[in-house]
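The structure file start_33.pdb is reproduced below (PDB, C-alpha atoms).
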```pdb
MODEL        1
ATOM      1  CA  MET A   1       1.526  -1.287  10.577
ATOM      2  CA  ILE A   2       0.942  -2.278  14.216
ATOM      3  CA  ARG A   3       4.299  -3.347  15.639
ATOM      4  CA  THR A   4       3.529  -6.010  18.246
ATOM      5  CA  LEU A   5       5.482  -7.639  21.058
ATOM      6  CA  ILE A   6       4.112 -10.908  22.491
ATOM      7  CA  CYS A   7       4.943 -12.243  25.958
ATOM      8  CA  GLU A   8       3.451 -15.649  26.777
ATOM      9  CA  ASP A   9       5.220 -18.322  28.817
ATOM     10  CA  VAL A  10       3.402 -21.290  27.269
ATOM     11  CA  ARG A  11       5.279 -22.104  24.071
ATOM     12  CA  LEU A  12       2.278 -23.501  22.175
ATOM     13  CA  LEU A  13       0.102 -20.479  22.985
ATOM     14  CA  ARG A  14       2.913 -18.102  22.069
ATOM     15  CA  ALA A  15       3.388 -19.856  18.715
ATOM     16  CA  GLY A  16      -0.365 -19.730  18.096
ATOM     17  CA  LEU A  17      -0.465 -15.997  18.826
ATOM     18  CA  VAL A  18       2.483 -15.374  16.535
ATOM     19  CA  ALA A  19       0.784 -17.343  13.751
ATOM     20  CA  LEU A  20      -2.532 -15.530  14.265
ATOM     21  CA  LEU A  21      -1.023 -12.052  14.471
ATOM     22  CA  SER A  22       1.344 -12.624  11.540
ATOM     23  CA  ARG A  23      -1.503 -13.304   9.077
ATOM     24  CA  PRO A  24      -2.962  -9.793   8.720
ATOM     25  CA  THR A  25      -0.972  -7.322   6.650
ATOM     26  CA  ASP A  26      -1.477  -4.504   9.179
ATOM     27  CA  ILE A  27       0.192  -6.318  12.109
ATOM     28  CA  GLU A  28       3.867  -7.192  12.491
ATOM     29  CA  VAL A  29       5.165  -9.370  15.335
ATOM     30  CA  ILE A  30       8.526  -7.821  16.226
ATOM     31  CA  ALA A  31       9.315  -9.894  19.343
ATOM     32  CA  GLN A  32       8.126 -12.987  21.150
ATOM     33  CA  LEU A  33       9.123 -13.461  24.771
ATOM     34  CA  GLN A  34       8.532 -16.169  27.356
ATOM     35  CA  SER A  35       9.363 -14.220  30.516
ATOM     36  CA  SER A  36       7.852 -11.041  31.954
ATOM     37  CA  ASP A  37      11.230  -9.746  33.140
ATOM     38  CA  LEU A  38      12.217  -9.254  29.480
ATOM     39  CA  ILE A  39       9.197  -7.134  28.518
ATOM     40  CA  GLU A  40      10.424  -3.694  29.543
ATOM     41  CA  PRO A  41      14.025  -3.889  28.287
ATOM     42  CA  VAL A  42      12.986  -5.372  24.935
ATOM     43  CA  ALA A  43      10.129  -2.879  24.557
ATOM     44  CA  ARG A  44      12.492   0.038  25.252
ATOM     45  CA  VAL A  45      14.735  -1.089  22.394
ATOM     46  CA  LEU A  46      12.086  -2.154  19.853
ATOM     47  CA  GLN A  47       9.368   0.434  20.682
ATOM     48  CA  PRO A  48       6.294  -1.718  19.903
ATOM     49  CA  ASP A  49       2.894  -0.125  19.352
ATOM     50  CA  VAL A  50       1.210  -2.919  21.327
ATOM     51  CA  ALA A  51       2.496  -5.449  23.845
ATOM     52  CA  VAL A  52       0.324  -8.568  24.185
ATOM     53  CA  ILE A  53       1.048  -9.964  27.649
ATOM     54  CA  ASP A  54      -0.122 -13.017  29.585
ATOM     55  CA  ILE A  55      -1.164 -11.484  32.926
ATOM     56  CA  ASP A  56      -1.228 -14.876  34.595
ATOM     57  CA  MET A  57       2.602 -15.051  34.471
ATOM     58  CA  SER A  58       4.631 -14.160  37.528
ATOM     59  CA  GLY A  59       5.705 -10.509  37.429
ATOM     60  CA  SER A  60       3.515  -9.585  34.478
ATOM     61  CA  GLN A  61       1.355  -7.019  36.305
ATOM     62  CA  ALA A  62       4.474  -5.181  37.467
ATOM     63  CA  ALA A  63       5.782  -5.276  33.893
ATOM     64  CA  LEU A  64       2.478  -3.820  32.644
ATOM     65  CA  LEU A  65       2.764  -0.980  35.135
ATOM     66  CA  ARG A  66       6.382  -0.269  34.135
ATOM     67  CA  LEU A  67       5.394  -0.198  30.466
ATOM     68  CA  ARG A  68       2.502   2.151  31.137
ATOM     69  CA  GLU A  69       4.756   4.536  33.086
ATOM     70  CA  GLY A  70       7.958   4.229  31.055
ATOM     71  CA  LEU A  71       6.652   3.767  27.509
ATOM     72  CA  PRO A  72       3.354   5.641  27.213
ATOM     73  CA  GLY A  73       3.321   5.083  23.435
ATOM     74  CA  CYS A  74       3.155   1.318  23.920
ATOM     75  CA  HIS A  75      -0.404   0.135  24.463
ATOM     76  CA  THR A  76      -0.957  -3.155  26.270
ATOM     77  CA  LEU A  77      -3.373  -6.004  25.667
ATOM     78  CA  ALA A  78      -3.495  -8.436  28.581
ATOM     79  CA  LEU A  79      -4.432 -12.086  28.082
ATOM     80  CA  SER A  80      -5.902 -14.263  30.810
ATOM     81  CA  ASP A  81      -7.389 -17.710  31.172
ATOM     82  CA  ARG A  82      -8.491 -17.138  34.763
ATOM     83  CA  VAL A  83     -12.017 -15.933  34.203
ATOM     84  CA  GLY A  84     -13.042 -16.499  37.810
ATOM     85  CA  HIS A  85     -10.342 -14.324  39.396
ATOM     86  CA  ARG A  86     -12.275 -11.049  39.374
ATOM     87  CA  THR A  87      -9.984  -9.145  41.731
ATOM     88  CA  ARG A  88      -6.913  -9.891  39.634
ATOM     89  CA  LEU A  89      -8.741  -9.076  36.409
ATOM     90  CA  HIS A  90     -10.107  -5.841  37.853
ATOM     91  CA  LYS A  91      -6.554  -4.801  38.808
ATOM     92  CA  ALA A  92      -5.336  -5.664  35.316
ATOM     93  CA  THR A  93      -7.872  -3.287  33.764
ATOM     94  CA  HIS A  94      -6.060  -0.442  35.546
ATOM     95  CA  PHE A  95      -2.647  -1.468  34.169
ATOM     96  CA  ALA A  96      -3.572  -2.627  30.659
ATOM     97  CA  HIS A  97      -5.361  -0.829  27.854
ATOM     98  CA  GLY A  98      -7.260  -4.011  27.083
ATOM     99  CA  ILE A  99      -7.903  -7.447  28.523
ATOM    100  CA  ILE A 100      -9.157 -10.506  26.712
ATOM    101  CA  ARG A 101      -9.422 -14.260  27.288
ATOM    102  CA  LYS A 102      -6.746 -16.522  25.851
ATOM    103  CA  THR A 103      -9.603 -18.662  24.556
ATOM    104  CA  ALA A 104     -11.331 -15.794  22.728
ATOM    105  CA  PRO A 105     -12.092 -16.369  19.041
ATOM    106  CA  PRO A 106      -9.274 -15.267  16.719
ATOM    107  CA  ASP A 107     -11.355 -12.453  15.180
ATOM    108  CA  LEU A 108     -12.029 -11.031  18.637
ATOM    109  CA  ILE A 109      -8.327 -11.101  19.514
ATOM    110  CA  LEU A 110      -7.448  -9.305  16.269
ATOM    111  CA  THR A 111     -10.196  -6.728  16.797
ATOM    112  CA  ALA A 112      -9.080  -6.138  20.389
ATOM    113  CA  LEU A 113      -5.455  -5.661  19.318
ATOM    114  CA  ARG A 114      -6.435  -3.138  16.639
ATOM    115  CA  ARG A 115      -8.693  -1.223  19.023
ATOM    116  CA  VAL A 116      -5.997  -1.105  21.708
ATOM    117  CA  ALA A 117      -3.474   0.089  19.096
ATOM    118  CA  GLY A 118      -5.953   2.850  18.237
ATOM    119  CA  GLY A 119      -6.016   4.023  21.838
ATOM    120  CA  HIS A 120      -9.305   2.414  22.868
ATOM    121  CA  LYS A 121      -9.959   0.488  26.071
ATOM    122  CA  VAL A 122     -11.090  -3.113  25.465
ATOM    123  CA  ILE A 123     -12.577  -5.467  28.026
ATOM    124  CA  ASP A 124     -13.610  -8.945  26.908
ATOM    125  CA  PRO A 125     -17.302  -9.215  27.809
ATOM    126  CA  ALA A 126     -16.872 -12.854  28.850
ATOM    127  CA  LEU A 127     -14.518 -11.796  31.660
ATOM    128  CA  HIS A 128     -17.204  -9.792  33.419
ATOM    129  CA  ASP A 129     -20.916 -10.365  33.828
ATOM    130  CA  THR A 130     -21.812  -6.733  33.244
ATOM    131  CA  PRO A 131     -18.924  -4.818  31.703
ATOM    132  CA  SER A 132     -21.087  -1.877  30.732
ATOM    133  CA  ARG A 133     -21.965  -1.291  34.387
ATOM    134  CA  MET A 134     -18.418  -1.497  35.724
ATOM    135  CA  VAL A 135     -17.156   1.704  37.264
ATOM    136  CA  GLY A 136     -14.975   3.441  34.727
ATOM    137  CA  SER A 137     -15.835   1.098  31.856
ATOM    138  CA  PRO A 138     -15.230   2.910  28.577
ATOM    139  CA  LEU A 139     -17.573   0.644  26.629
ATOM    140  CA  THR A 140     -20.977   1.779  25.467
ATOM    141  CA  PRO A 141     -23.855  -0.716  25.707
ATOM    142  CA  ARG A 142     -23.671  -1.129  21.910
ATOM    143  CA  GLU A 143     -19.931  -1.899  22.056
ATOM    144  CA  VAL A 144     -20.624  -4.532  24.709
ATOM    145  CA  ASP A 145     -23.285  -6.088  22.456
ATOM    146  CA  VAL A 146     -20.888  -6.160  19.499
ATOM    147  CA  LEU A 147     -18.149  -7.771  21.594
ATOM    148  CA  ARG A 148     -20.560 -10.403  22.919
ATOM    149  CA  ILE A 149     -21.621 -11.255  19.373
ATOM    150  CA  ALA A 150     -17.998 -11.380  18.199
ATOM    151  CA  ALA A 151     -17.108 -13.654  21.128
ATOM    152  CA  GLU A 152     -19.693 -16.101  19.836
ATOM    153  CA  GLY A 153     -17.714 -16.371  16.602
ATOM    154  CA  VAL A 154     -19.935 -14.228  14.379
ATOM    155  CA  SER A 155     -17.962 -12.759  11.467
ATOM    156  CA  THR A 156     -17.144  -9.074  11.239
ATOM    157  CA  ALA A 157     -19.261  -8.746   8.096
ATOM    158  CA  GLU A 158     -22.284 -10.275   9.846
ATOM    159  CA  ILE A 159     -21.823  -7.996  12.860
ATOM    160  CA  ALA A 160     -21.609  -4.939  10.592
ATOM    161  CA  GLY A 161     -24.851  -6.020   8.899
TER
ENDMDL
END
```
Can you turn what I pasted into structure tokens?
Amino acid sequence: MIRTLICEDVRLLRAGLVALLSRPTDIEVIAQLQSSDLIEPVARVLQPDVAVIDIDMSGSQAALLRLREGLPGCHTLALSDRVGHRTRLHKATHFAHGIIRKTAPPDLILTALRRVAGGHKVIDPALHDTPSRMVGSPLTPREVDVLRIAAEGVSTAEIAG
């Protein structure tokens, strides 16, 4: 079971994430927050496996850094809708274990969360033109291809085929 904390300041998006992440039997949403200043204290008490955090919120990058330093067992998946802000997104890849668009297809979000929970680095291919050529990118060219296909909405079964 992947114990998950969600922090998103937009109520509708937060509710959508909770609904999406509550469907699979291997994921449990243990907290839903609307403010980044609550992330660290709540995470210290609840000990989530993954924290899904909107990095566009004020204070969220500092919260990601505190989680990474203070709770190394808690992996982080950052969400962003600011595709064009490369500098901010590049910084986030240093703080978070994964980063994905808020508008990514549901299957891609679920796959990213599971991979992050498993200790893998995940970078949404739509956030960068050439993620496989980024310095320090952990993705193989094949992984980039699979993520691109998944981002287009192709099912997991079709990708595996």
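The spacing separating CA of Gly59 in chain A from CA of Ser35 in chain A amounts to 8.7 Å.
Take the PyMOL selection byres ((chain A and resi 38) around 12) and apply it to this file: it picks Leu5, Ile6, Cys7, Glu8, Asp9, Ala31, Gln32, Leu33, Gln34, Ser35, Ser36, Asp37, Ile39, Glu40, Pro41, Val42, Ala43, Arg44, Val45, Leu46, Ala51, Ile53, Gly59, Ser60, Ala62, Ala63, Leu64, Arg66 and Leu67 of chain A.
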Report as a ChimeraX atom specification the full result of the PyMOL selection byres ((chain A and resi 78) around 8) when it is applied to this structure.
/A:52-55,76-77,79-80,92,96-100
Export C-alpha atoms of the chosen residues as a JSON list (two decimals), in the frame of the given file?
```json
[["chain", "number", "residue", "atom", "x", "y", "z"],
["A", 52, "VAL", "CA", 0.32, -8.57, 24.18],
["A", 53, "ILE", "CA", 1.05, -9.96, 27.65],
["A", 54, "ASP", "CA", -0.12, -13.02, 29.58],
["A", 55, "ILE", "CA", -1.16, -11.48, 32.93],
["A", 76, "THR", "CA", -0.96, -3.16, 26.27],
["A", 77, "LEU", "CA", -3.37, -6.00, 25.67],
["A", 79, "LEU", "CA", -4.43, -12.09, 28.08],
["A", 80, "SER", "CA", -5.90, -14.26, 30.81],
["A", 92, "ALA", "CA", -5.34, -5.66, 35.32],
["A", 96, "ALA", "CA", -3.57, -2.63, 30.66],
["A", 97, "HIS", "CA", -5.36, -0.83, 27.85],
["A", 98, "GLY", "CA", -7.26, -4.01, 27.08],
["A", 99, "ILE", "CA", -7.90, -7.45, 28.52],
["A", 100, "ILE", "CA", -9.16, -10.51, 26.71]]
```
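Excluding Arg148 in chain A itself and any same-chain residue fewer than 4 positions from it, the protein and nucleic acid residues within 9 Å of it, counting only C-alpha atoms, are Asp124, Pro125, Ala126, Glu143, Val144 and Glu152 of chain A.
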From CA of Glu158 in chain A to CA of Val146 in chain A the spacing works out at 10.6 Å
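Across A:Ala112, A:Val29, A:Leu20, A:Ala117, the tightest approach to Leu147 in chain A is made by A:Ala112 when counting all atoms listed in the file.
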Set the distance at 10 Å and use only C-alpha atoms: which residues neighbour Pro105 in chain A once local chain neighbours fewer than 3 positions away are removed? I'd like the list as a VMD selection string.
chain A and resid 101 to 102 108 to 110 150 to 154
Range 45-60 of chain A: axis-aligned bounding box, 6 Å on each side, centre and edge lengths in Å, one decimal, as lines of an AutoDock Vina configuration file:
```
center_x = 6.8
center_y = -7.3
center_z = 28.4
size_x = 28.0
size_y = 27.5
size_z = 30.2
```
Tell me, in Å to one decimal, how far CA of Ile2 in chain A is from CA of Val50 in chain A.
7.1 Å
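Between Ala19 in chain A and the residues A:Ser155, A:Pro106, A:Ala160, A:Thr140, the shortest atom-to-atom distance, using all atoms listed in the file, involves A:Pro106.
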Quick one: residues within 6 Å of Cys74 in chain A, all atoms listed in the file counted, chain neighbours fewer than 3 positions away excluded, as JSON, numbers by chain?
{"A": [48, 49, 50, 71]}
